file final02.txt (compact mmCIF, C-alpha atoms)
# COMPACT_ATOMS: atom_id res chain seq x y z
CA MET A 146 -17.79 3.70 91.15
CA GLU A 147 -19.34 2.25 88.00
CA THR A 148 -17.20 2.74 84.90
CA SER A 149 -18.58 5.22 82.40
CA ILE A 150 -18.80 4.50 78.68
CA PHE A 151 -16.27 7.28 78.15
CA SER A 152 -13.77 5.64 80.54
CA ARG A 153 -14.24 2.23 78.96
CA TRP A 154 -13.76 3.74 75.49
CA HIS A 155 -10.67 5.63 76.72
CA ARG A 156 -9.14 2.43 78.03
CA ALA A 157 -9.81 0.54 74.78
CA VAL A 158 -8.19 3.34 72.76
CA ASP A 159 -5.18 3.39 75.11
CA GLU A 160 -4.80 -0.37 74.72
CA HIS A 161 -5.08 -0.12 70.91
CA ARG A 162 -8.19 -2.30 70.88
CA PRO A 163 -10.87 -1.82 68.20
CA VAL A 164 -13.95 -0.23 69.76
CA ALA A 165 -17.15 1.43 68.50
CA ILE A 166 -19.68 3.75 70.11
CA ALA A 167 -23.30 3.89 68.90
CA THR A 168 -25.12 7.12 69.87
CA VAL A 169 -28.79 7.98 69.30
CA ILE A 170 -28.61 11.34 67.50
CA ALA A 171 -32.31 11.76 66.65
CA ALA A 172 -35.54 10.00 67.61
CA GLU A 173 -39.26 10.65 67.40
CA PRO A 174 -41.16 11.13 70.70
CA GLY A 175 -41.59 7.83 72.54
CA GLY A 176 -38.34 6.49 71.06
CA PRO A 177 -34.95 6.21 72.76
CA ALA A 178 -33.36 9.20 74.48
CA VAL A 179 -31.15 11.31 72.25
CA GLY A 180 -27.57 10.76 73.43
CA ALA A 181 -28.18 7.19 74.67
CA LYS A 182 -25.14 5.04 73.91
CA ILE A 183 -23.86 1.52 73.50
CA LEU A 184 -20.17 0.60 73.36
CA VAL A 185 -18.97 -2.56 71.62
CA GLY A 186 -15.47 -3.88 71.01
CA ASP A 187 -13.19 -6.83 70.53
CA GLU A 188 -13.15 -8.90 73.71
CA ILE A 189 -15.28 -6.23 75.43
CA ASP A 190 -18.80 -6.94 76.65
CA PRO A 191 -21.32 -4.53 75.12
CA MET A 192 -21.96 -1.69 77.56
CA GLY A 193 -24.90 0.72 77.85
CA SER A 194 -28.44 0.65 76.52
CA LEU A 195 -30.71 2.62 74.21
CA GLY A 196 -33.65 1.76 76.48
CA ASP A 197 -35.20 -1.05 74.45
CA ALA A 198 -33.91 -4.62 74.47
CA ASP A 199 -34.81 -5.30 70.83
CA LEU A 200 -33.27 -2.07 69.62
CA ASP A 201 -30.16 -2.79 71.71
CA ARG A 202 -29.76 -6.22 70.15
CA VAL A 203 -29.96 -4.90 66.57
CA VAL A 204 -27.69 -1.93 67.21
CA ILE A 205 -25.08 -4.12 68.96
CA ARG A 206 -25.09 -6.47 65.99
CA ASP A 207 -24.73 -3.60 63.50
CA ALA A 208 -22.06 -1.82 65.54
CA ILE A 209 -19.96 -4.99 65.68
CA GLY A 210 -20.32 -5.27 61.88
CA GLU A 211 -19.39 -1.63 61.30
CA LEU A 212 -16.39 -1.97 63.61
CA ALA A 213 -15.17 -5.05 61.75
CA GLY A 214 -15.31 -3.06 58.51
CA GLY A 215 -13.80 0.05 60.10
CA ARG A 216 -16.83 2.11 59.04
CA THR A 217 -18.35 5.20 60.66
CA GLY A 218 -21.80 6.52 59.78
CA VAL A 219 -25.48 6.93 60.57
CA ARG A 220 -28.00 4.04 60.51
CA HIS A 221 -31.76 4.24 60.87
CA TYR A 222 -34.19 2.01 62.75
CA GLY A 223 -37.70 1.79 64.12
CA PRO A 224 -38.16 2.26 67.90
CA HIS A 225 -37.64 -1.49 68.49
CA GLY A 226 -34.85 -1.92 65.95
CA GLU A 227 -37.10 -2.45 62.94
CA ALA A 228 -35.26 -2.33 59.62
CA ARG A 229 -36.68 -0.09 56.87
CA GLU A 230 -37.96 2.39 59.44
CA GLU A 231 -36.41 5.78 60.01
CA SER A 232 -37.69 7.13 63.32
CA VAL A 233 -34.44 6.48 65.20
CA SER A 234 -31.06 7.68 63.89
CA VAL A 235 -27.96 6.12 65.40
CA PHE A 236 -24.42 7.33 64.74
CA ILE A 237 -22.00 4.41 64.88
CA GLU A 238 -18.37 5.49 65.16
CA SER A 239 -15.59 2.94 64.76
CA PHE A 240 -12.25 3.52 66.39
CA ALA A 241 -9.69 1.29 64.74
CA PRO A 242 -6.30 0.76 66.35
CA PRO A 243 -3.55 2.78 64.64
CA PRO A 244 -2.05 1.31 61.48
CA GLN A 245 1.43 -0.15 61.85
CA MET A 246 4.63 0.71 60.06
CA LEU A 247 7.61 -1.62 60.28
CA ILE A 248 10.87 0.05 59.26
CA PHE A 249 13.78 -2.29 58.57
CA GLY A 250 17.22 -0.76 58.86
CA ALA A 251 18.34 1.70 61.56
CA VAL A 252 19.90 4.24 59.20
CA ASP A 253 19.78 8.05 58.90
CA PHE A 254 16.63 7.92 56.79
CA THR A 255 14.92 5.83 59.45
CA GLY A 256 14.76 8.62 62.03
CA ALA A 257 13.05 10.99 59.60
CA LEU A 258 10.62 8.28 58.45
CA VAL A 259 9.72 7.50 62.08
CA ARG A 260 8.88 11.17 62.67
CA VAL A 261 6.73 11.56 59.55
CA ALA A 262 4.97 8.23 60.19
CA LYS A 263 4.12 9.37 63.72
CA VAL A 264 2.56 12.54 62.27
CA LEU A 265 0.36 10.27 60.14
CA GLY A 266 -0.71 8.25 63.19
CA TYR A 267 1.25 5.05 62.65
CA ARG A 268 2.43 2.78 65.41
CA VAL A 269 6.07 2.52 64.35
CA THR A 270 8.51 -0.35 64.88
CA VAL A 271 12.18 -0.01 63.90
CA CYS A 272 14.02 -3.28 63.40
CA ASP A 273 17.70 -3.90 62.68
CA ALA A 274 19.94 -6.85 63.54
CA ARG A 275 22.81 -4.54 64.57
CA GLU A 276 22.33 -3.63 68.20
CA VAL A 277 24.67 -0.61 68.11
CA PHE A 278 22.31 1.07 65.64
CA ALA A 279 18.90 -0.19 66.77
CA THR A 280 18.55 1.84 69.97
CA THR A 281 15.69 3.82 71.45
CA ARG A 282 18.14 6.68 71.98
CA ARG A 283 18.55 7.01 68.20
CA PHE A 284 14.81 6.64 67.54
CA PRO A 285 13.05 8.17 70.53
CA GLN A 286 9.75 8.58 68.69
CA ALA A 287 9.50 4.93 67.62
CA ASP A 288 6.94 2.92 69.57
CA GLU A 289 9.28 -0.06 69.54
CA VAL A 290 12.90 -0.72 68.57
CA VAL A 291 13.70 -4.38 67.92
CA VAL A 292 17.18 -5.88 67.58
CA ASP A 293 16.66 -8.85 65.27
CA TRP A 294 16.77 -9.91 61.67
CA PRO A 295 13.76 -8.33 59.91
CA HIS A 296 12.46 -11.62 58.51
CA ARG A 297 12.44 -13.10 62.02
CA LEU A 298 10.36 -10.19 63.29
CA LEU A 299 7.95 -10.78 60.39
CA GLU A 300 7.71 -14.45 61.30
CA ARG A 301 6.45 -13.33 64.71
CA VAL A 302 4.14 -10.43 63.80
CA GLY A 303 3.45 -10.87 60.08
CA ASP A 304 0.00 -12.38 60.54
CA ARG A 305 -1.11 -9.17 62.27
CA LEU A 306 -0.34 -6.99 59.23
CA GLY A 307 -3.25 -5.87 57.04
CA PRO A 308 -4.19 -3.48 54.23
CA ARG A 309 -3.66 -0.33 56.36
CA ASP A 310 -0.14 -1.32 57.41
CA ALA A 311 3.24 -0.65 55.80
CA VAL A 312 6.64 -2.31 55.62
CA CYS A 313 9.56 -0.08 54.57
CA VAL A 314 12.90 -1.75 53.88
CA LEU A 315 15.72 0.79 54.25
CA THR A 316 18.64 -1.55 54.99
CA HIS A 317 20.46 -1.25 51.62
CA ASP A 318 21.93 -4.67 52.30
CA HIS A 319 20.80 -7.69 50.30
CA LYS A 320 21.69 -9.97 53.18
CA PHE A 321 18.84 -8.43 55.18
CA ASP A 322 16.65 -7.18 52.31
CA ILE A 323 15.98 -10.37 50.46
CA PRO A 324 14.65 -12.48 53.36
CA ALA A 325 12.74 -9.45 54.66
CA ILE A 326 11.02 -8.82 51.33
CA MET A 327 10.26 -12.53 50.90
CA ALA A 328 8.73 -12.64 54.38
CA ALA A 329 6.76 -9.42 53.83
CA LEU A 330 5.30 -10.77 50.57
CA ALA A 331 3.91 -13.67 52.60
CA THR A 332 1.86 -11.26 54.75
CA GLY A 333 -1.25 -9.24 53.96
CA VAL A 334 0.58 -5.93 54.41
CA GLY A 335 -0.93 -3.17 52.25
CA TYR A 336 2.27 -1.34 51.36
CA LEU A 337 5.75 -2.77 50.82
CA GLY A 338 8.64 -0.60 49.69
CA ALA A 339 12.43 -0.96 49.53
CA MET A 340 15.06 1.76 49.28
CA GLY A 341 18.01 1.75 46.96
CA SER A 342 19.49 3.15 43.78
CA ARG A 343 18.34 1.91 40.39
CA ARG A 344 21.41 -0.29 40.33
CA THR A 345 20.80 -1.69 43.82
CA ASN A 346 17.23 -2.32 42.85
CA ALA A 347 18.13 -4.20 39.67
CA GLU A 348 20.47 -6.41 41.71
CA ARG A 349 17.80 -6.87 44.33
CA LEU A 350 15.30 -8.10 41.74
CA ASP A 351 17.86 -10.59 40.41
CA ARG A 352 18.50 -11.91 43.90
CA LEU A 353 14.79 -12.17 44.68
CA ALA A 354 14.36 -14.24 41.53
CA GLU A 355 17.32 -16.43 42.53
CA ALA A 356 15.83 -16.89 45.98
CA GLY A 357 12.65 -18.18 44.38
CA ALA A 358 10.36 -15.19 45.02
CA ASP A 359 7.06 -15.04 43.16
CA MET A 360 8.18 -12.36 40.68
CA ALA A 361 4.62 -11.53 39.64
CA ALA A 362 3.88 -10.68 43.27
CA VAL A 363 7.13 -8.70 43.49
CA GLN A 364 6.17 -6.75 40.38
CA GLN A 365 2.71 -6.04 41.75
CA ARG A 366 3.46 -5.34 45.42
CA LEU A 367 7.05 -4.19 45.86
CA ASN A 368 7.50 -0.42 45.54
CA ALA A 369 11.20 -0.11 44.71
CA PRO A 370 12.98 2.20 44.56
CA ILE A 371 10.74 3.38 47.38
CA GLY A 372 8.86 6.71 47.28
CA LEU A 373 7.31 9.24 44.93
CA ASP A 374 9.59 11.08 42.51
CA LEU A 375 9.64 14.42 44.35
CA GLY A 376 13.32 15.06 43.68
CA GLY A 377 14.21 15.62 47.36
CA ARG A 378 17.51 14.51 48.85
CA THR A 379 17.44 14.89 52.63
CA PRO A 380 16.20 12.15 54.97
CA GLU A 381 13.17 14.31 55.80
CA GLU A 382 12.31 14.93 52.14
CA THR A 383 12.74 11.23 51.44
CA ALA A 384 10.44 10.37 54.33
CA ILE A 385 7.77 12.64 52.86
CA ALA A 386 8.22 11.00 49.44
CA ILE A 387 7.78 7.55 51.02
CA CYS A 388 4.70 8.48 53.05
CA ALA A 389 3.18 10.29 50.05
CA GLU A 390 3.60 7.11 48.03
CA ILE A 391 1.91 5.10 50.79
CA ILE A 392 -1.09 7.46 50.74
CA ALA A 393 -1.31 7.41 46.94
CA ALA A 394 -1.08 3.60 46.94
CA ARG A 395 -4.03 3.45 49.33
CA THR A 396 -6.20 5.92 47.42
CA GLY A 397 -5.16 4.72 43.96
CA ARG A 398 -4.47 8.29 42.84
CA PRO A 399 -1.72 9.15 40.31
CA ALA A 400 -0.18 11.68 42.75
CA ALA A 401 -0.16 14.62 40.36
CA SER A 402 -0.68 18.23 41.49
CA LEU A 403 -4.39 19.08 41.84
CA SER A 404 -3.72 22.20 39.76
CA SER A 405 -2.90 19.95 36.80
CA THR A 406 -5.98 17.72 37.15
CA GLU A 407 -9.76 18.08 37.23
CA GLY A 408 -12.56 16.34 39.11
CA PRO A 409 -13.44 15.85 42.77
CA ILE A 410 -10.65 16.32 45.34
CA HIS A 411 -11.91 13.72 47.82
CA MET B 202 -12.40 11.91 69.13
CA LYS B 203 -9.13 10.05 69.69
CA GLU B 204 -7.21 13.07 68.40
CA ILE B 205 -8.55 15.34 71.14
CA LEU B 206 -8.20 12.85 73.97
CA ALA B 207 -5.24 14.63 75.59
CA ASP B 208 -7.23 17.87 75.80
CA LEU B 209 -10.33 16.06 77.09
CA ASP B 210 -8.21 14.41 79.80
CA ARG B 211 -6.69 17.73 80.81
CA TRP B 212 -10.08 19.48 81.02
CA ARG B 213 -11.72 16.61 82.89
CA ALA B 214 -8.83 16.52 85.36
CA ALA B 215 -9.47 20.24 85.98
CA GLY B 216 -13.18 19.56 86.51
CA ARG B 217 -14.29 21.62 83.53
CA ARG B 218 -17.55 20.92 81.75
CA ILE B 219 -17.15 19.98 78.08
CA VAL B 220 -19.25 19.82 74.91
CA VAL B 221 -18.20 17.51 72.08
CA ALA B 222 -19.26 18.11 68.47
CA ARG B 223 -18.86 15.24 66.04
CA VAL B 224 -19.35 15.13 62.27
CA VAL B 225 -21.99 12.43 61.71
CA ASP B 226 -22.68 12.95 58.01
CA ILE B 227 -21.52 15.01 55.05
CA GLU B 228 -23.06 15.75 51.66
CA GLY B 229 -21.03 16.86 48.70
CA SER B 230 -17.59 18.29 49.25
CA GLY B 231 -16.38 18.45 52.82
CA PRO B 232 -12.92 18.54 54.32
CA ARG B 233 -13.55 16.27 57.31
CA LEU B 234 -15.12 12.81 57.35
CA PRO B 235 -17.75 11.50 59.79
CA GLY B 236 -16.07 10.98 63.14
CA ALA B 237 -14.09 14.24 63.02
CA ALA B 238 -14.54 15.85 66.42
CA MET B 239 -14.14 19.16 68.16
CA ALA B 240 -14.56 19.91 71.84
CA VAL B 241 -15.22 23.12 73.70
CA SER B 242 -14.58 23.57 77.41
CA GLU B 243 -16.71 25.78 79.61
CA ASP B 244 -14.05 28.46 79.66
CA GLY B 245 -14.04 28.57 75.87
CA GLU B 246 -10.94 26.54 75.08
CA VAL B 247 -11.20 24.59 71.82
CA ALA B 248 -9.64 21.29 70.65
CA GLY B 249 -9.95 19.56 67.28
CA SER B 250 -11.92 20.63 64.24
CA VAL B 251 -14.96 19.62 62.20
CA SER B 252 -14.31 21.50 58.95
CA GLY B 253 -11.53 23.43 57.29
CA GLY B 254 -12.15 26.28 59.70
CA CYS B 255 -15.40 27.49 58.09
CA VAL B 256 -17.86 26.61 60.85
CA GLU B 257 -15.74 26.25 63.99
CA GLY B 258 -16.73 29.69 65.27
CA ALA B 259 -20.41 28.85 65.00
CA VAL B 260 -19.81 25.49 66.69
CA VAL B 261 -18.26 27.24 69.69
CA ALA B 262 -21.40 29.41 70.01
CA GLU B 263 -23.65 26.32 69.80
CA ALA B 264 -21.49 24.49 72.32
CA LEU B 265 -21.61 27.31 74.87
CA ASP B 266 -25.40 27.37 74.45
CA ILE B 267 -25.51 23.62 75.12
CA LEU B 268 -23.45 24.13 78.28
CA ALA B 269 -26.13 26.54 79.44
CA THR B 270 -29.13 24.39 78.48
CA GLY B 271 -27.75 20.86 78.79
CA ASP B 272 -29.51 19.61 75.65
CA ARG B 273 -28.08 17.56 72.81
CA ARG B 274 -28.75 18.44 69.21
CA LEU B 275 -28.06 17.89 65.53
CA VAL B 276 -26.82 20.99 63.75
CA THR B 277 -26.44 21.35 60.00
CA PHE B 278 -24.15 23.79 58.26
CA GLY B 279 -24.23 24.08 54.52
CA TYR B 280 -24.75 25.83 51.31
CA SER B 281 -28.42 24.91 50.99
CA ASP B 282 -29.47 26.20 54.38
CA ASP B 283 -31.84 29.12 54.84
CA GLU B 284 -30.99 32.32 56.61
CA ALA B 285 -31.38 30.72 60.03
CA PHE B 286 -28.10 28.92 59.45
CA ALA B 287 -26.23 31.60 57.61
CA VAL B 288 -22.86 30.01 58.32
CA GLY B 289 -21.81 27.77 55.47
CA LEU B 290 -18.94 25.81 54.05
CA THR B 291 -17.13 27.71 51.34
CA CYS B 292 -16.56 24.40 49.53
CA GLY B 293 -20.30 24.10 48.86
CA GLY B 294 -20.82 20.96 50.92
CA THR B 295 -23.13 20.29 53.85
CA VAL B 296 -22.00 18.96 57.20
CA HIS B 297 -24.23 17.46 59.90
CA LEU B 298 -22.89 17.68 63.45
CA PHE B 299 -24.10 16.12 66.68
CA LEU B 300 -23.34 18.17 69.77
CA GLU B 301 -23.66 16.94 73.34
CA PRO B 302 -22.18 17.48 76.77
CA LEU B 303 -19.42 15.03 77.70
CA ASP B 304 -21.40 13.63 80.63
CA TRP B 305 -21.28 9.96 79.68
call {"tool": "encode", "arguments": {"input": "final02.txt", "output": "structure tokens"}}
result
Amino acid sequence: METSIFSRWHRAVDEHRPVAIATVIAAEPGGPAVGAKILVGDEIDPMGSLGDADLDRVVIRDAIGELAGGRTGVRHYGPHGEAREESVSVFIESFAPPPQMLIFGAVDFTGALVRVAKVLGYRVTVCDAREVFATTRRFPQADEVVVDWPHRLLERVGDRLGPRDAVCVLTHDHKFDIPAIMAALATGVGYLGAMGSRRTNAERLDRLAEAGADMAAVQQRLNAPIGLDLGGRTPEETAIAICAEIIAARTGRPAASLSSTEGPIH
Amino acid sequence: MKEILADLDRWRAAGRRIVVARVVDIEGSGPRLPGAAMAVSEDGEVAGSVSGGCVEGAVVAEALDILATGDRRLVTFGYSDDEAFAVGLTCGGTVHLFLEPLDW
């Protein structure tokens, strides 16, 4: 049986591959059929047709562009893909793979952070060099549990990290922290945070400087002590404070209560 | 649509017909961005959402109508609509939905 667009899309989503679907949502008579679809994706041949080769070509090109930018929205065309015409409306929906969170340190706080990160849709990796702690039994909701030094994991996967991804250093041990933070600073990861008391953090900054870290980059990119100042104490409350800080870092908001501010919410 | 995949799989496995509603555009304030999706099965089960709960009831009615007629359509809910679309978003925004059977 020939694969449907839905099945092909389903498979791409399951495999965490970027994929986009373009759907004709409105057209004047004589134009493409409403509901006609084209699927595009990374390493996937375009599939489907809107019924006109020229329109197909333009929509495939635009859908690939929208997918690369992670955008979803409506674009307008003429019946043969003409720009600056409006008779055909096409909804292009991008399905990006889930963002990644790497959590270094298999401690009590890690389990709670894994759970909250899963709620937010992250693909979560827990990494710790101590194999008695880094077990799937302790972190059943993690997508992956890696027994290794954090900086070695980053050497392997660091080039895959981008603006939507997060690295959270919870080890509390300079021996692991310093190389992990140095390695994370060398990636394009959007959020980098490290846990520890004010005192631990002051020591950590000294050691980063000694190790030759770019302290301007540390100042700009390292969120330490990690998390928003919500005043919570439990691992779960701390996990919320960390994830709230990640969201605020992405949106650039000051993370105040809406009741104390004015202006648009979104 | 990814968020409702488990429900879509379950309904498809049971051979139920399905209508999917997707947010394609919003104007002004709106709780859900383009791409937010909701699905309705032929026996009236619902998965996902397309607003903060303001228009979901009306979407179910539209979806059941689409199951009967088989057509695909754009539906707009919003503050500025006339009486024909009396259901609105309390936030004052406008949301454009595309509804179609999951037959592709």
call {"tool": "atom_distance", "arguments": {"input": "final02.txt", "atom1": "atom CA of A:Gly215", "atom2": "atom CA of A:Ile392"}}
result
17.4 Å
call {"tool": "interface_residues", "arguments": {"input": "final02.txt", "of": "chain B", "to": "chain A", "cutoff": "9 Å", "atoms": "all atoms listed in the file", "output": "PyMOL selection string"}}
result
chain B and resi 202-203+206+225-226+230-232+234-236+273-275+299-301+303-305
call {"tool": "atom_distance", "arguments": {"input": "final02.txt", "atom1": "atom CA of B:Val256", "atom2": "atom CA of B:Phe278"}}
result
7.4 Å
call {"tool": "residues_around", "arguments": {"input": "final02.txt", "residues": "A:Pro244", "least_positions_apart": "5", "cutoff": "6 Å", "atoms": "all atoms listed in the file", "output": "list in words"}}
result
Tyr267, Arg309 and Asp310 of chain A
call {"tool": "axis_aligned_box", "arguments": {"input": "final02.txt", "around": "stretch 314-332 of chain A", "padding_each_side": "3 Å", "output": "JSON"}}
result
{"center_x": 11.9, "center_y": -6.4, "center_z": 52.7, "size_x": 26.1, "size_y": 20.5, "size_z": 10.9}
call {"tool": "closest_residue", "arguments": {"input": "final02.txt", "among": "B:Ala237, B:Ile219, B:Leu298, B:Ile227", "to": "B:Asp266", "atoms": "all atoms listed in the file"}}
result
B:Ile219
call {"tool": "atom_distance", "arguments": {"input": "final02.txt", "atom1": "atom CA of A:Pro370", "atom2": "atom CA of A:Val269"}}
result
21.0 Å
call {"tool": "residues_around", "arguments": {"input": "final02.txt", "residues": "B:Gly253", "least_positions_apart": "2", "cutoff": "12 Å", "atoms": "only C-alpha atoms", "output": "list in words"}}
result
Ser230, Gly231, Pro232, Arg233, Leu234, Ala237, Met239, Gly249, Ser250, Val251, Cys255, Val256, Glu257, Gly258, Gly289, Leu290, Thr291, Cys292, Gly294 and Val296 of chain B
call {"tool": "build_atoms", "arguments": {"input": "final02.txt", "residues": "stretch 391-407 of chain A", "atoms": "N, CA, C and O atoms", "output": "CSV table (one decimal), keeping the file's coordinate frame"}}
result
chain,number,residue,atom,x,y,z
A,391,ILE,N,2.8,6.0,50.0
A,391,ILE,CA,1.9,5.1,50.8
A,391,ILE,C,0.5,5.6,50.7
A,391,ILE,O,-0.5,4.8,50.5
A,392,ILE,N,0.3,6.9,50.8
A,392,ILE,CA,-1.1,7.5,50.7
A,392,ILE,C,-1.7,7.3,49.3
A,392,ILE,O,-2.8,6.8,49.2
A,393,ALA,N,-0.8,7.6,48.3
A,393,ALA,CA,-1.3,7.4,46.9
A,393,ALA,C,-1.6,6.0,46.6
A,393,ALA,O,-2.6,5.7,45.9
A,394,ALA,N,-0.8,5.0,47.2
A,394,ALA,CA,-1.1,3.6,46.9
A,394,ALA,C,-2.4,3.2,47.5
A,394,ALA,O,-3.2,2.4,46.9
A,395,ARG,N,-2.8,3.8,48.7
A,395,ARG,CA,-4.0,3.4,49.3
A,395,ARG,C,-5.2,4.0,48.5
A,395,ARG,O,-6.2,3.4,48.4
A,396,THR,N,-5.1,5.3,48.1
A,396,THR,CA,-6.2,5.9,47.4
A,396,THR,C,-6.3,5.6,45.9
A,396,THR,O,-7.3,5.8,45.3
A,397,GLY,N,-5.2,5.0,45.4
A,397,GLY,CA,-5.2,4.7,44.0
A,397,GLY,C,-5.1,6.0,43.1
A,397,GLY,O,-5.4,5.9,41.9
A,398,ARG,N,-4.6,7.1,43.6
A,398,ARG,CA,-4.5,8.3,42.8
A,398,ARG,C,-3.1,8.3,42.2
A,398,ARG,O,-2.1,7.8,42.7
A,399,PRO,N,-3.0,9.1,41.0
A,399,PRO,CA,-1.7,9.2,40.3
A,399,PRO,C,-0.7,10.1,41.0
A,399,PRO,O,0.4,10.2,40.5
A,400,ALA,N,-1.1,10.8,42.0
A,400,ALA,CA,-0.2,11.7,42.8
A,400,ALA,C,0.3,12.8,41.9
A,400,ALA,O,1.5,13.2,42.0
A,401,ALA,N,-0.5,13.4,41.1
A,401,ALA,CA,-0.2,14.6,40.4
A,401,ALA,C,-0.6,15.8,41.2
A,401,ALA,O,-1.3,15.7,42.2
A,402,SER,N,-0.2,17.0,40.8
A,402,SER,CA,-0.7,18.2,41.5
A,402,SER,C,-2.2,18.4,41.1
A,402,SER,O,-2.5,18.3,40.0
A,403,LEU,N,-3.0,18.8,42.1
A,403,LEU,CA,-4.4,19.1,41.8
A,403,LEU,C,-4.6,20.2,40.8
A,403,LEU,O,-5.5,20.1,40.0
A,404,SER,N,-3.6,21.1,40.7
A,404,SER,CA,-3.7,22.2,39.8
A,404,SER,C,-3.6,21.7,38.3
A,404,SER,O,-4.0,22.4,37.4
A,405,SER,N,-3.1,20.5,38.2
A,405,SER,CA,-2.9,20.0,36.8
A,405,SER,C,-4.0,18.9,36.5
A,405,SER,O,-3.9,18.3,35.4
A,406,THR,N,-4.9,18.7,37.4
A,406,THR,CA,-6.0,17.7,37.2
A,406,THR,C,-7.3,18.4,37.3
A,406,THR,O,-7.4,19.5,37.8
A,407,GLU,N,-8.4,17.6,37.0
A,407,GLU,CA,-9.8,18.1,37.2
A,407,GLU,C,-10.5,17.0,38.0
A,407,GLU,O,-10.0,15.9,38.2
